[in-house]
>>> print(open('work_3.txt').read())   # compact mmCIF, C-alpha atoms and all ligand atoms
# COMPACT_ATOMS: atom_id res chain seq x y z
CA MET A 1 0.00 0.00 0.00
CA GLY A 2 1.10 3.51 -0.67
CA LEU A 3 -0.09 6.76 -2.13
CA LYS A 4 -2.07 6.62 -5.34
CA ILE A 5 -2.57 9.78 -7.37
CA TYR A 6 -4.67 10.64 -10.38
CA ASN A 7 -2.12 11.63 -12.99
CA SER A 8 -3.46 14.16 -15.49
CA LEU A 9 -0.74 13.16 -17.93
CA THR A 10 -2.00 9.59 -18.28
CA ASN A 11 -5.57 10.11 -17.01
CA LYS A 12 -5.08 7.22 -14.65
CA ILE A 13 -4.81 6.62 -10.94
CA GLU A 14 -1.20 5.62 -10.47
CA GLU A 15 0.97 4.43 -7.66
CA PHE A 16 3.17 7.31 -6.55
CA LYS A 17 6.83 6.49 -7.02
CA PRO A 18 9.21 9.42 -6.61
CA ILE A 19 12.43 9.50 -8.62
CA ASN A 20 14.53 9.42 -5.41
CA GLU A 21 12.81 6.97 -3.13
CA LYS A 22 12.07 9.25 -0.14
CA LYS A 23 12.54 12.68 -1.71
CA VAL A 24 9.87 14.55 -3.61
CA ASN A 25 10.32 17.59 -5.85
CA MET A 26 7.10 19.49 -6.41
CA TYR A 27 6.42 22.62 -8.47
CA VAL A 28 3.11 24.46 -8.48
CA CYS A 29 2.33 27.45 -10.69
CA GLY A 30 2.04 30.51 -8.49
CA PRO A 31 0.33 33.87 -8.84
CA THR A 32 0.81 36.73 -11.25
CA VAL A 33 1.11 39.51 -8.72
CA TYR A 34 -1.06 42.34 -10.03
CA ASN A 35 -4.18 42.02 -7.88
CA TYR A 36 -5.48 40.63 -4.58
CA VAL A 37 -6.11 36.90 -4.53
CA HIS A 38 -9.66 35.60 -4.31
CA ILE A 39 -10.75 32.36 -2.70
CA GLY A 40 -10.65 30.63 -6.11
CA ASN A 41 -6.95 31.53 -6.46
CA ALA A 42 -6.43 30.20 -2.94
CA ARG A 43 -7.60 26.71 -3.86
CA PRO A 44 -4.27 25.39 -5.23
CA VAL A 45 -2.41 27.30 -2.49
CA ILE A 46 -4.39 25.35 0.11
CA PHE A 47 -4.51 22.01 -1.66
CA PHE A 48 -0.80 21.69 -2.47
CA ASP A 49 0.18 22.86 1.01
CA MET A 50 -1.87 19.93 2.28
CA VAL A 51 -0.20 17.60 -0.25
CA LYS A 52 3.20 18.66 1.06
CA ARG A 53 2.11 18.14 4.68
CA TYR A 54 0.72 14.72 3.86
CA LEU A 55 3.84 13.64 1.95
CA GLU A 56 5.94 14.70 4.94
CA PHE A 57 3.61 12.86 7.29
CA SER A 58 4.14 9.81 5.06
CA GLY A 59 7.90 10.06 5.53
CA TYR A 60 8.97 11.94 2.39
CA GLU A 61 11.32 14.87 2.32
CA VAL A 62 9.61 17.44 0.12
CA LYS A 63 11.07 20.35 -1.80
CA TYR A 64 8.20 22.55 -2.81
CA ALA A 65 8.55 25.43 -5.25
CA SER A 66 5.87 27.86 -6.34
CA ASN A 67 6.79 30.77 -8.55
CA ILE A 68 5.92 34.44 -8.46
CA THR A 69 5.17 35.81 -11.91
CA ASP A 70 6.36 39.36 -11.48
CA VAL A 71 6.46 40.37 -15.13
CA ASP A 72 3.35 40.17 -17.28
CA ASP A 73 1.10 42.39 -19.41
CA LYS A 74 -1.32 42.72 -16.52
CA ILE A 75 1.40 44.01 -14.22
CA ILE A 76 2.72 46.36 -16.89
CA ASN A 77 -0.75 47.75 -17.58
CA LYS A 78 -1.46 48.27 -13.90
CA ALA A 79 1.89 50.01 -13.44
CA ILE A 80 1.12 52.38 -16.30
CA ALA A 81 -2.42 53.02 -15.02
CA GLU A 82 -1.21 53.79 -11.51
CA GLY A 83 1.95 55.65 -12.47
CA LYS A 84 4.13 53.15 -10.64
CA THR A 85 6.94 50.80 -11.61
CA GLU A 86 6.23 47.14 -12.33
CA LYS A 87 8.44 46.31 -9.37
CA GLU A 88 6.29 48.42 -7.03
CA ILE A 89 3.10 46.76 -8.24
CA ALA A 90 4.58 43.26 -8.01
CA THR A 91 6.08 43.80 -4.56
CA PHE A 92 2.85 45.20 -3.18
CA TYR A 93 0.68 42.34 -4.44
CA GLU A 94 3.22 39.70 -3.52
CA LYS A 95 3.02 40.89 0.08
CA ALA A 96 -0.77 40.73 -0.15
CA PHE A 97 -0.45 37.20 -1.54
CA ASP A 98 1.79 36.16 1.36
CA ALA A 99 -0.73 37.54 3.84
CA ALA A 100 -3.56 35.65 2.11
CA THR A 101 -1.47 32.46 2.10
CA ALA A 102 -0.95 32.76 5.84
CA LEU A 103 -4.62 33.54 6.49
CA VAL A 104 -5.73 30.28 4.88
CA GLY A 105 -3.14 28.36 6.91
CA SER A 106 -0.67 27.53 4.13
CA LYS A 107 3.06 27.71 4.71
CA LYS A 108 5.28 29.59 2.33
CA PRO A 109 6.77 27.07 -0.14
CA ASP A 110 10.47 26.19 0.25
CA TYR A 111 11.23 28.14 -2.92
CA THR A 112 9.36 31.09 -4.38
CA PRO A 113 11.37 31.91 -7.51
CA HIS A 114 10.67 35.27 -9.14
CA ALA A 115 10.55 35.31 -12.92
CA THR A 116 12.57 38.53 -13.14
CA ASP A 117 15.50 36.87 -11.34
CA TYR A 118 15.87 34.34 -14.16
CA ILE A 119 15.84 36.51 -17.29
CA PRO A 120 19.39 35.61 -18.47
CA ASP A 121 18.55 31.90 -18.02
CA MET A 122 15.38 32.35 -20.02
CA ILE A 123 17.31 34.06 -22.80
CA ASP A 124 19.81 31.17 -22.88
CA PHE A 125 16.98 28.67 -22.94
CA ILE A 126 15.23 30.41 -25.84
CA ASN A 127 18.53 30.65 -27.70
CA GLU A 128 19.02 26.93 -27.39
CA LEU A 129 15.51 26.28 -28.68
CA ILE A 130 16.22 28.49 -31.70
CA GLU A 131 19.57 26.78 -32.36
CA LYS A 132 17.93 23.36 -32.30
CA GLY A 133 15.13 24.42 -34.61
CA PHE A 134 12.34 24.40 -32.01
CA ALA A 135 11.83 28.14 -32.12
CA TYR A 136 12.05 31.01 -34.59
CA ASN A 137 12.49 34.73 -34.37
CA VAL A 138 10.18 36.95 -36.35
CA ASP A 139 11.21 40.55 -36.10
CA GLY A 140 11.98 40.41 -32.37
CA ASP A 141 9.16 38.04 -31.37
CA VAL A 142 10.24 34.47 -30.73
CA PHE A 143 7.76 31.62 -31.14
CA PHE A 144 7.88 27.93 -30.30
CA ARG A 145 7.49 25.63 -33.31
CA GLU A 146 4.79 23.32 -32.02
CA SER A 147 4.90 21.03 -35.07
CA LYS A 148 8.33 19.79 -33.92
CA ILE A 149 6.82 18.04 -30.89
CA ALA A 150 5.28 14.73 -31.88
CA ASP A 151 3.03 14.31 -28.86
CA TYR A 152 1.93 17.93 -28.49
CA GLY A 153 -1.51 17.87 -26.84
CA ILE A 154 -0.67 14.92 -24.58
CA LEU A 155 -1.73 16.64 -21.36
CA SER A 156 -4.92 18.26 -22.56
CA ASN A 157 -5.74 15.17 -24.66
CA GLN A 158 -6.15 17.17 -27.76
CA GLN A 159 -5.32 15.87 -31.17
CA ARG A 160 -3.59 18.22 -33.53
CA GLU A 161 -6.78 18.35 -35.65
CA GLU A 162 -8.81 19.44 -32.64
CA LEU A 163 -6.27 22.08 -31.90
CA GLU A 164 -6.48 23.22 -35.51
CA SER A 165 -10.19 23.72 -35.28
CA GLY A 166 -9.98 25.43 -31.88
CA ALA A 167 -11.75 28.68 -32.50
CA ARG A 168 -10.28 30.19 -29.36
CA ILE A 169 -6.85 30.31 -30.87
CA GLU A 170 -6.06 33.80 -31.99
CA VAL A 171 -4.68 34.38 -35.43
CA ASP A 172 -1.27 35.92 -35.39
CA SER A 173 0.07 36.49 -38.83
CA LYS A 174 3.64 36.33 -37.52
CA LYS A 175 3.30 32.70 -36.48
CA GLU A 176 4.00 29.76 -38.78
CA SER A 177 1.10 27.90 -37.17
CA PRO A 178 -1.73 29.17 -34.94
CA HIS A 179 -0.57 26.90 -32.07
CA ASP A 180 2.92 28.24 -31.96
CA PHE A 181 3.29 30.24 -28.79
CA ALA A 182 5.42 33.17 -27.70
CA LEU A 183 8.69 32.53 -25.89
CA TRP A 184 9.92 36.11 -26.11
CA LYS A 185 7.69 39.11 -26.66
CA LYS A 186 8.95 42.20 -28.33
CA THR A 187 7.72 45.12 -26.24
CA GLU A 188 7.69 48.84 -26.65
CA THR A 189 5.94 49.83 -23.45
CA GLY A 190 6.71 48.84 -19.91
CA ILE A 191 9.61 46.94 -18.47
CA LYS A 192 11.88 45.20 -20.98
CA TRP A 193 15.24 43.47 -21.19
CA ASP A 194 17.86 43.45 -23.92
CA SER A 195 18.37 40.14 -25.65
CA PRO A 196 19.89 38.76 -28.85
CA PHE A 197 16.31 38.72 -30.23
CA GLY A 198 15.74 42.37 -29.40
CA ALA A 199 14.31 44.24 -26.42
CA GLY A 200 11.36 42.54 -24.80
CA ARG A 201 10.28 40.16 -22.09
CA PRO A 202 9.85 36.39 -21.72
CA GLY A 203 6.57 34.59 -22.17
CA TRP A 204 4.87 33.03 -19.17
CA HIS A 205 5.17 29.43 -20.42
CA THR A 206 8.94 29.82 -20.68
CA GLU A 207 9.28 31.32 -17.20
CA CYS A 208 7.92 28.25 -15.42
CA VAL A 209 10.01 25.77 -17.43
CA VAL A 210 13.24 27.65 -16.86
CA MET A 211 12.65 28.14 -13.14
CA ASN A 212 11.80 24.45 -12.82
CA HIS A 213 14.98 23.46 -14.59
CA LYS A 214 17.15 25.92 -12.65
CA LEU A 215 15.77 24.83 -9.27
CA PHE A 216 15.52 21.10 -9.77
CA GLY A 217 17.82 20.49 -12.71
CA THR A 218 15.90 17.55 -14.05
CA GLN A 219 12.61 15.77 -14.29
CA ILE A 220 10.53 16.49 -11.18
CA ASP A 221 7.99 14.31 -9.39
CA ILE A 222 4.90 16.50 -9.16
CA HIS A 223 3.81 19.50 -11.17
CA GLY A 224 0.59 21.05 -10.01
CA GLY A 225 -1.77 23.89 -10.69
CA GLY A 226 -5.35 24.82 -11.35
CA MET A 227 -7.34 22.87 -13.96
CA ASP A 228 -7.49 25.95 -16.19
CA LEU A 229 -3.69 25.90 -16.54
CA LYS A 230 -3.72 22.51 -18.26
CA PHE A 231 -4.04 24.15 -21.64
CA PRO A 232 -2.25 26.03 -22.96
CA HIS A 233 0.14 26.79 -20.06
CA HIS A 234 1.10 23.31 -18.92
CA GLU A 235 0.89 21.80 -22.38
CA ASN A 236 3.36 24.43 -23.53
CA GLU A 237 5.64 23.89 -20.54
CA ILE A 238 5.79 20.20 -21.46
CA ALA A 239 6.49 20.96 -25.13
CA GLN A 240 9.47 23.19 -24.31
CA PHE A 241 10.94 20.82 -21.76
CA ASN A 242 10.45 17.91 -24.09
CA ALA A 243 12.27 19.77 -26.87
CA LEU A 244 15.49 20.13 -24.89
CA TYR A 245 15.37 17.42 -22.22
CA HIS A 246 13.18 14.74 -23.84
CA THR A 247 10.80 14.17 -20.92
CA HIS A 248 7.42 15.54 -19.86
CA LEU A 249 8.92 17.72 -17.11
CA ALA A 250 7.06 15.98 -14.28
CA ASN A 251 6.10 12.35 -13.73
CA TYR A 252 2.81 13.30 -12.07
CA TRP A 253 0.66 16.21 -13.13
CA ILE A 254 -2.00 17.15 -10.58
CA HIS A 255 -4.77 19.62 -11.36
CA VAL A 256 -7.30 21.01 -8.93
CA GLY A 257 -10.76 22.07 -10.00
CA ARG A 258 -12.03 25.64 -10.07
CA LEU A 259 -13.93 27.41 -7.35
CA ASP A 260 -16.80 29.38 -8.83
CA LEU A 261 -19.24 31.69 -7.16
CA GLU A 262 -22.64 30.04 -7.37
CA GLY A 263 -21.62 28.36 -10.60
CA VAL A 264 -20.20 31.48 -12.25
CA LYS A 265 -16.48 32.00 -12.69
CA MET A 266 -15.26 34.73 -10.35
CA SER A 267 -14.19 37.82 -12.17
CA LYS A 268 -13.55 41.36 -11.20
CA SER A 269 -15.56 42.69 -14.13
CA LEU A 270 -18.63 40.70 -13.03
CA GLY A 271 -18.13 41.93 -9.48
CA ASN A 272 -18.60 38.41 -8.06
CA VAL A 273 -15.29 38.07 -6.30
CA VAL A 274 -14.61 37.03 -2.71
CA TYR A 275 -11.12 38.19 -1.77
CA VAL A 276 -9.16 36.31 0.85
CA LYS A 277 -8.20 39.59 2.51
CA ASP A 278 -11.89 40.32 3.10
CA LEU A 279 -12.50 37.12 5.07
CA GLY A 280 -11.75 39.16 8.15
CA THR A 281 -10.81 36.67 10.84
CA LYS A 282 -8.29 33.88 11.05
CA GLU A 283 -11.16 31.53 11.88
CA ASN A 284 -12.83 32.42 8.57
CA GLY A 285 -9.54 31.63 6.83
CA MET A 286 -9.70 28.15 8.36
CA ILE A 287 -13.35 27.71 7.39
CA ILE A 288 -12.41 28.44 3.75
CA ARG A 289 -9.51 26.00 4.10
CA MET A 290 -11.86 23.26 5.30
CA LEU A 291 -14.41 24.05 2.60
CA ILE A 292 -11.72 23.67 -0.05
CA LEU A 293 -9.95 20.64 1.42
CA PHE A 294 -13.08 18.66 2.11
CA SER A 295 -14.36 19.05 -1.45
CA PRO A 296 -13.14 16.42 -3.96
CA TYR A 297 -10.09 18.17 -5.34
CA ARG A 298 -10.59 17.48 -9.03
CA ALA A 299 -14.19 18.69 -9.12
CA ASN A 300 -15.26 22.31 -9.32
CA ILE A 301 -16.66 23.90 -6.19
CA SER A 302 -19.70 26.11 -6.46
CA TYR A 303 -19.14 28.51 -3.61
CA SER A 304 -22.04 30.17 -1.83
CA GLU A 305 -22.74 31.75 1.52
CA ASP A 306 -24.75 28.66 2.44
CA LEU A 307 -21.75 26.45 1.76
CA PHE A 308 -19.55 28.74 3.84
CA ASN A 309 -22.06 28.56 6.70
CA GLN A 310 -22.14 24.76 6.55
CA TYR A 311 -18.40 24.68 7.09
CA LYS A 312 -18.61 27.40 9.72
CA THR A 313 -21.00 25.18 11.69
CA LEU A 314 -18.66 22.23 11.26
CA TYR A 315 -15.62 24.24 12.31
CA GLU A 316 -17.42 25.51 15.41
CA LYS A 317 -18.50 21.98 16.27
CA TYR A 318 -14.87 20.84 16.05
CA VAL A 319 -13.64 23.74 18.15
CA ARG A 320 -16.28 23.08 20.81
CA ALA A 321 -15.55 19.36 21.07
CA TYR A 322 -11.82 19.92 21.07
CA LYS A 323 -11.92 22.65 23.70
CA GLN A 324 -14.21 20.77 26.08
CA SER A 325 -12.09 17.67 25.87
CA LEU A 326 -8.75 19.44 26.10
CA TYR A 327 -9.68 21.50 29.16
CA GLU A 328 -11.28 18.63 30.97
CA LEU A 329 -8.15 16.55 30.38
CA GLN A 330 -5.88 19.40 31.42
CA TYR A 331 -7.87 19.89 34.61
CA ARG A 332 -7.63 16.18 35.37
CA ASP A 333 -3.97 16.06 34.42
CA ALA A 334 -4.93 13.27 32.02
CA LEU A 335 -3.41 14.50 28.74
CA SER A 336 -1.33 11.93 26.92
CA SER A 337 0.48 11.59 23.62
CA LYS A 338 -1.12 8.31 22.58
CA VAL A 339 -2.94 8.08 19.25
CA CYS A 340 -5.45 5.57 18.00
CA GLU A 341 -3.50 3.52 15.45
CA GLU A 342 -6.65 2.24 13.84
CA ASP A 343 -7.89 5.77 13.10
CA ILE A 344 -4.50 6.87 11.84
CA ASN A 345 -4.37 3.86 9.54
CA SER A 346 -7.82 4.70 8.20
CA PHE A 347 -6.71 8.27 7.63
CA LYS A 348 -3.69 7.06 5.65
CA GLU A 349 -5.78 4.63 3.68
CA PHE A 350 -8.22 7.38 2.66
CA MET A 351 -5.53 9.92 1.84
CA ASP A 352 -3.54 7.35 -0.12
CA ASP A 353 -6.63 6.80 -2.23
CA ASP A 354 -6.00 9.92 -4.34
CA PHE A 355 -6.77 12.19 -1.34
CA ASN A 356 -10.23 10.85 -0.60
CA VAL A 357 -11.22 13.69 1.68
CA GLN A 358 -14.89 12.70 1.87
CA ASN A 359 -13.86 9.61 3.82
CA VAL A 360 -11.49 11.67 5.96
CA LEU A 361 -14.39 13.94 6.82
CA SER A 362 -16.51 10.97 7.94
CA LEU A 363 -13.58 9.68 9.98
CA LEU A 364 -13.16 13.04 11.73
CA ASP A 365 -16.89 13.21 12.44
CA ASN A 366 -16.69 9.77 14.02
CA ILE A 367 -13.71 10.70 16.15
CA VAL A 368 -15.51 13.81 17.41
CA LYS A 369 -18.54 11.69 18.26
CA GLN A 370 -16.32 9.28 20.18
CA MET A 371 -14.69 12.19 21.99
CA ASN A 372 -18.09 13.43 23.13
CA VAL A 373 -19.09 9.95 24.26
CA ALA A 374 -15.84 9.49 26.20
CA LEU A 375 -16.29 12.90 27.82
CA ARG A 376 -19.81 12.07 28.97
CA SER A 377 -18.85 8.63 30.23
CA LYS A 378 -15.73 10.07 31.93
CA ASP A 379 -13.44 7.66 30.08
CA TYR A 380 -10.48 10.03 30.15
CA ASP A 381 -7.97 7.55 28.79
CA ALA A 382 -10.03 7.03 25.65
CA LEU A 383 -10.73 10.76 25.47
CA ALA A 384 -7.01 11.64 25.55
CA THR A 385 -6.22 9.15 22.79
CA LYS A 386 -9.05 10.36 20.55
CA LEU A 387 -8.13 13.99 21.16
CA ASN A 388 -4.54 13.40 20.02
CA THR A 389 -5.68 11.46 17.01
CA PHE A 390 -8.03 14.27 16.03
CA LYS A 391 -5.26 16.87 16.46
CA THR A 392 -2.77 14.78 14.46
CA ILE A 393 -5.12 14.57 11.49
CA MET A 394 -6.10 18.25 11.67
CA ASP A 395 -2.39 19.19 11.71
CA VAL A 396 -1.74 17.21 8.54
CA LEU A 397 -4.67 19.02 6.92
CA GLY A 398 -3.29 22.28 8.27
CA VAL A 399 -6.55 23.26 9.95
CA ASN A 400 -5.86 25.29 13.06
CA LEU A 401 -8.56 25.46 15.75
CA PHE A 402 -6.68 28.17 17.65
CA VAL A 403 -7.22 26.47 21.00
CA GLU A 404 -4.40 26.76 23.54
CA LEU A 405 -4.03 25.11 26.92
CA MET A 406 -5.34 27.15 29.84
CA ASN A 407 -2.82 29.34 31.67
CA ASP A 408 -2.41 29.00 35.47
CA GLU A 409 -5.01 31.61 36.31
CA GLN A 410 -7.55 30.05 33.98
CA LEU A 411 -6.82 26.58 35.23
CA GLU A 412 -7.30 27.72 38.82
CA CYS A 413 -10.63 29.23 37.89
CA TYR A 414 -11.68 26.07 36.03
CA ARG A 415 -10.77 24.02 39.13
CA ASN A 416 -12.78 26.34 41.41
CA TRP A 417 -15.71 26.14 39.05
CA GLN A 418 -15.68 22.35 39.07
CA GLU A 419 -15.37 22.25 42.86
CA ALA A 420 -18.19 24.72 43.39
CA ARG A 421 -20.37 22.64 41.07
CA ALA A 422 -19.48 19.45 42.94
CA ASN A 423 -20.40 21.19 46.22
CA LYS A 424 -23.63 22.44 44.67
CA ASP A 425 -22.57 25.99 45.44
CA PHE A 426 -24.26 27.36 42.35
CA GLU A 427 -23.78 31.00 43.21
CA LYS A 428 -20.01 30.61 43.31
CA ALA A 429 -20.02 28.33 40.31
CA ASP A 430 -21.79 31.01 38.29
CA ILE A 431 -19.10 33.58 39.08
CA TYR A 432 -16.31 31.27 37.90
CA ARG A 433 -18.39 30.25 34.93
CA GLY A 434 -18.75 33.88 33.91
CA LYS A 435 -15.00 34.31 33.93
CA LEU A 436 -14.44 31.13 31.93
CA ILE A 437 -16.95 32.27 29.34
CA GLU A 438 -15.17 35.61 29.13
CA TRP A 439 -11.91 33.78 28.39
CA LYS A 440 -13.74 31.60 25.86
CA ILE A 441 -12.74 28.52 27.84
CA ILE A 442 -16.30 27.26 27.93
ZN ZN B 1 3.47 27.79 -14.57
>>> encode(input="work_3.txt", output="structure tokens")
Amino acid sequence: MGLKIYNSLTNKIEEFKPINEKKVNMYVCGPTVYNYVHIGNARPVIFFDMVKRYLEFSGYEVKYASNITDVDDKIINKAIAEGKTEKEIATFYEKAFDAATALVGSKKPDYTPHATDYIPDMIDFINELIEKGFAYNVDGDVFFRESKIADYGILSNQQREELESGARIEVDSKKESPHDFALWKKTETGIKWDSPFGAGRPGWHTECVVMNHKLFGTQIDIHGGGMDLKFPHHENEIAQFNALYHTHLANYWIHVGRLDLEGVKMSKSLGNVVYVKDLGTKENGMIIRMLILFSPYRANISYSEDLFNQYKTLYEKYVRAYKQSLYELQYRDALSSKVCEEDINSFKEFMDDDFNVQNVLSLLDNIVKQMNVALRSKDYDALATKLNTFKTIMDVLGVNLFVELMNDEQLECYRNWQEARANKDFEKADIYRGKLIEWKII
């Protein structure tokens, strides 16, 4: 038994076998920093953070990279509109992205390469493609020659004929074929770099491939991103990597579904956007994290206030059960570090099954039920074990309940409250109870 993952490259559930037995290299396409991130953008940020946590829990050493696209038409346009430099725009929104990442409980990846730090490497890479006949320069614009890649379309499962008839493909008279894509864009406005092809900037598809190659040097284990990046972005990453290094860049391609607002794609122009920064509290960040993690990752999520409230109720139920159990155990000095092996094995079994979160959710619900039963029946040994098990699983998912042990003053008060109750001194008990409520202990 081991982890099985749905591989978008083969459209099959496959056994996960990293290139180096216990080490995993993972790259996930990161944000273009020109705007605040919405909860749809946060979906891969949350999901792949969980994947990393789970791989580590399973004994792998993970190197996780997610890039920052800090040069792009959108950034250039925003800079012009606001009378700022591209760097100012990118730095500002990268900070906002970091804050959003933290709010939804994701750690910063091990590497966050910035496209603008790799421009000379990108120029070298494009040069090599030109030299080997995979790219051509037309008056300062460099395009990839898609016809040179025999299995182009492998990821998005598109035959060349389908691609031909794709009406979405813009006609660019400079290109030899409509599917050829830009590696280097000649630019007159905005930030630009000198190159042997002329002044301009790299194309997005090239940025990711070059950063991948510079960071990891070779074929990686997992390449991830949102479903909408499959084509053309990931297809074009594969084509370029294949041209020079003769592999498909990653052995496992993982794509997460979209998060729409009541079935409609979030967009600023439609005004139906929920920004992470507007979630307000750290608890709301965790509720969004749960909502995203507990939805099957390959399917789209139709977000609504109702759905948010369902997860809010669930989160509050978890916090309540956890708090009650933790404080009762602390008061009785009955905390332990034991876990229920059977539950942990079930958790692994479900997660290994291509991250079957629906089953994990049922498992957690069961554990919470058992915690409540143990609390009522005063079986503190069982309660301590279940509590640890629950916490272990929540930590792997990265869901923080923000519940700390009581400090000395609070513990003293809790003790007095319990004693007063035992002595049926309800007047006194009420005073202590009031304090405990104020501290959000009960
Ligand atoms: Zn990318």
>>> residues_near_ligand(input="work_3.txt", ligand="ligand ZN 1 (chain B)", cutoff="10 Å", atoms="all atoms listed in the file", output="PDB file with C-alpha atoms, in the frame of the given file")
ATOM      1  CA  TYR A  27       6.420  22.620  -8.470  1.00  0.00           C
ATOM      2  CA  VAL A  28       3.110  24.460  -8.480  1.00  0.00           C
ATOM      3  CA  CYS A  29       2.330  27.450 -10.690  1.00  0.00           C
ATOM      4  CA  GLY A  30       2.040  30.510  -8.490  1.00  0.00           C
ATOM      5  CA  PRO A  31       0.330  33.870  -8.840  1.00  0.00           C
ATOM      6  CA  THR A  32       0.810  36.730 -11.250  1.00  0.00           C
ATOM      7  CA  SER A  66       5.870  27.860  -6.340  1.00  0.00           C
ATOM      8  CA  ASN A  67       6.790  30.770  -8.550  1.00  0.00           C
ATOM      9  CA  ILE A  68       5.920  34.440  -8.460  1.00  0.00           C
ATOM     10  CA  THR A  69       5.170  35.810 -11.910  1.00  0.00           C
ATOM     11  CA  TRP A 204       4.870  33.030 -19.170  1.00  0.00           C
ATOM     12  CA  HIS A 205       5.170  29.430 -20.420  1.00  0.00           C
ATOM     13  CA  THR A 206       8.940  29.820 -20.680  1.00  0.00           C
ATOM     14  CA  GLU A 207       9.280  31.320 -17.200  1.00  0.00           C
ATOM     15  CA  CYS A 208       7.920  28.250 -15.420  1.00  0.00           C
ATOM     16  CA  VAL A 209      10.010  25.770 -17.430  1.00  0.00           C
ATOM     17  CA  MET A 211      12.650  28.140 -13.140  1.00  0.00           C
ATOM     18  CA  ASN A 212      11.800  24.450 -12.820  1.00  0.00           C
ATOM     19  CA  HIS A 223       3.810  19.500 -11.170  1.00  0.00           C
ATOM     20  CA  GLY A 224       0.590  21.050 -10.010  1.00  0.00           C
ATOM     21  CA  GLY A 225      -1.770  23.890 -10.690  1.00  0.00           C
ATOM     22  CA  GLY A 226      -5.350  24.820 -11.350  1.00  0.00           C
ATOM     23  CA  LEU A 229      -3.690  25.900 -16.540  1.00  0.00           C
ATOM     24  CA  LYS A 230      -3.720  22.510 -18.260  1.00  0.00           C
ATOM     25  CA  HIS A 233       0.140  26.790 -20.060  1.00  0.00           C
ATOM     26  CA  HIS A 234       1.100  23.310 -18.920  1.00  0.00           C
ATOM     27  CA  ASN A 236       3.360  24.430 -23.530  1.00  0.00           C
ATOM     28  CA  GLU A 237       5.640  23.890 -20.540  1.00  0.00           C
TER      29      GLU A 237
END
>>> closest_residue(input="work_3.txt", among="A:Val33, A:Leu291, A:Ala115, A:Leu244", to="Tyr93 of chain A", atoms="all atoms listed in the file")
A:Val33
>>> atom_distance(input="work_3.txt", atom1="atom CA of Tyr152 of chain A", atom2="atom CA of Ala250 of chain A")
15.2 Å
>>> atom_distance(input="work_3.txt", atom1="atom CA of Lys186 of chain A", atom2="atom CA of Asn137 of chain A")
10.2 Å
>>> residues_around(input="work_3.txt", residues="Ser147 of chain A", least_positions_apart="5", cutoff="9 Å", atoms="only C-alpha atoms", output="ChimeraX atom specification")
/A:134,152,177,179-180
>>> closest_residue(input="work_3.txt", among="A:Ser156, A:Ile220, A:Trp184, A:Phe241", to="Lys63 of chain A", atoms="only C-alpha atoms")
A:Ile220
>>> closest_residue(input="work_3.txt", among="A:Val273, A:Ile123, A:Leu326, A:Cys340", to="Tyr303 of chain A", atoms="all atoms listed in the file")
A:Val273
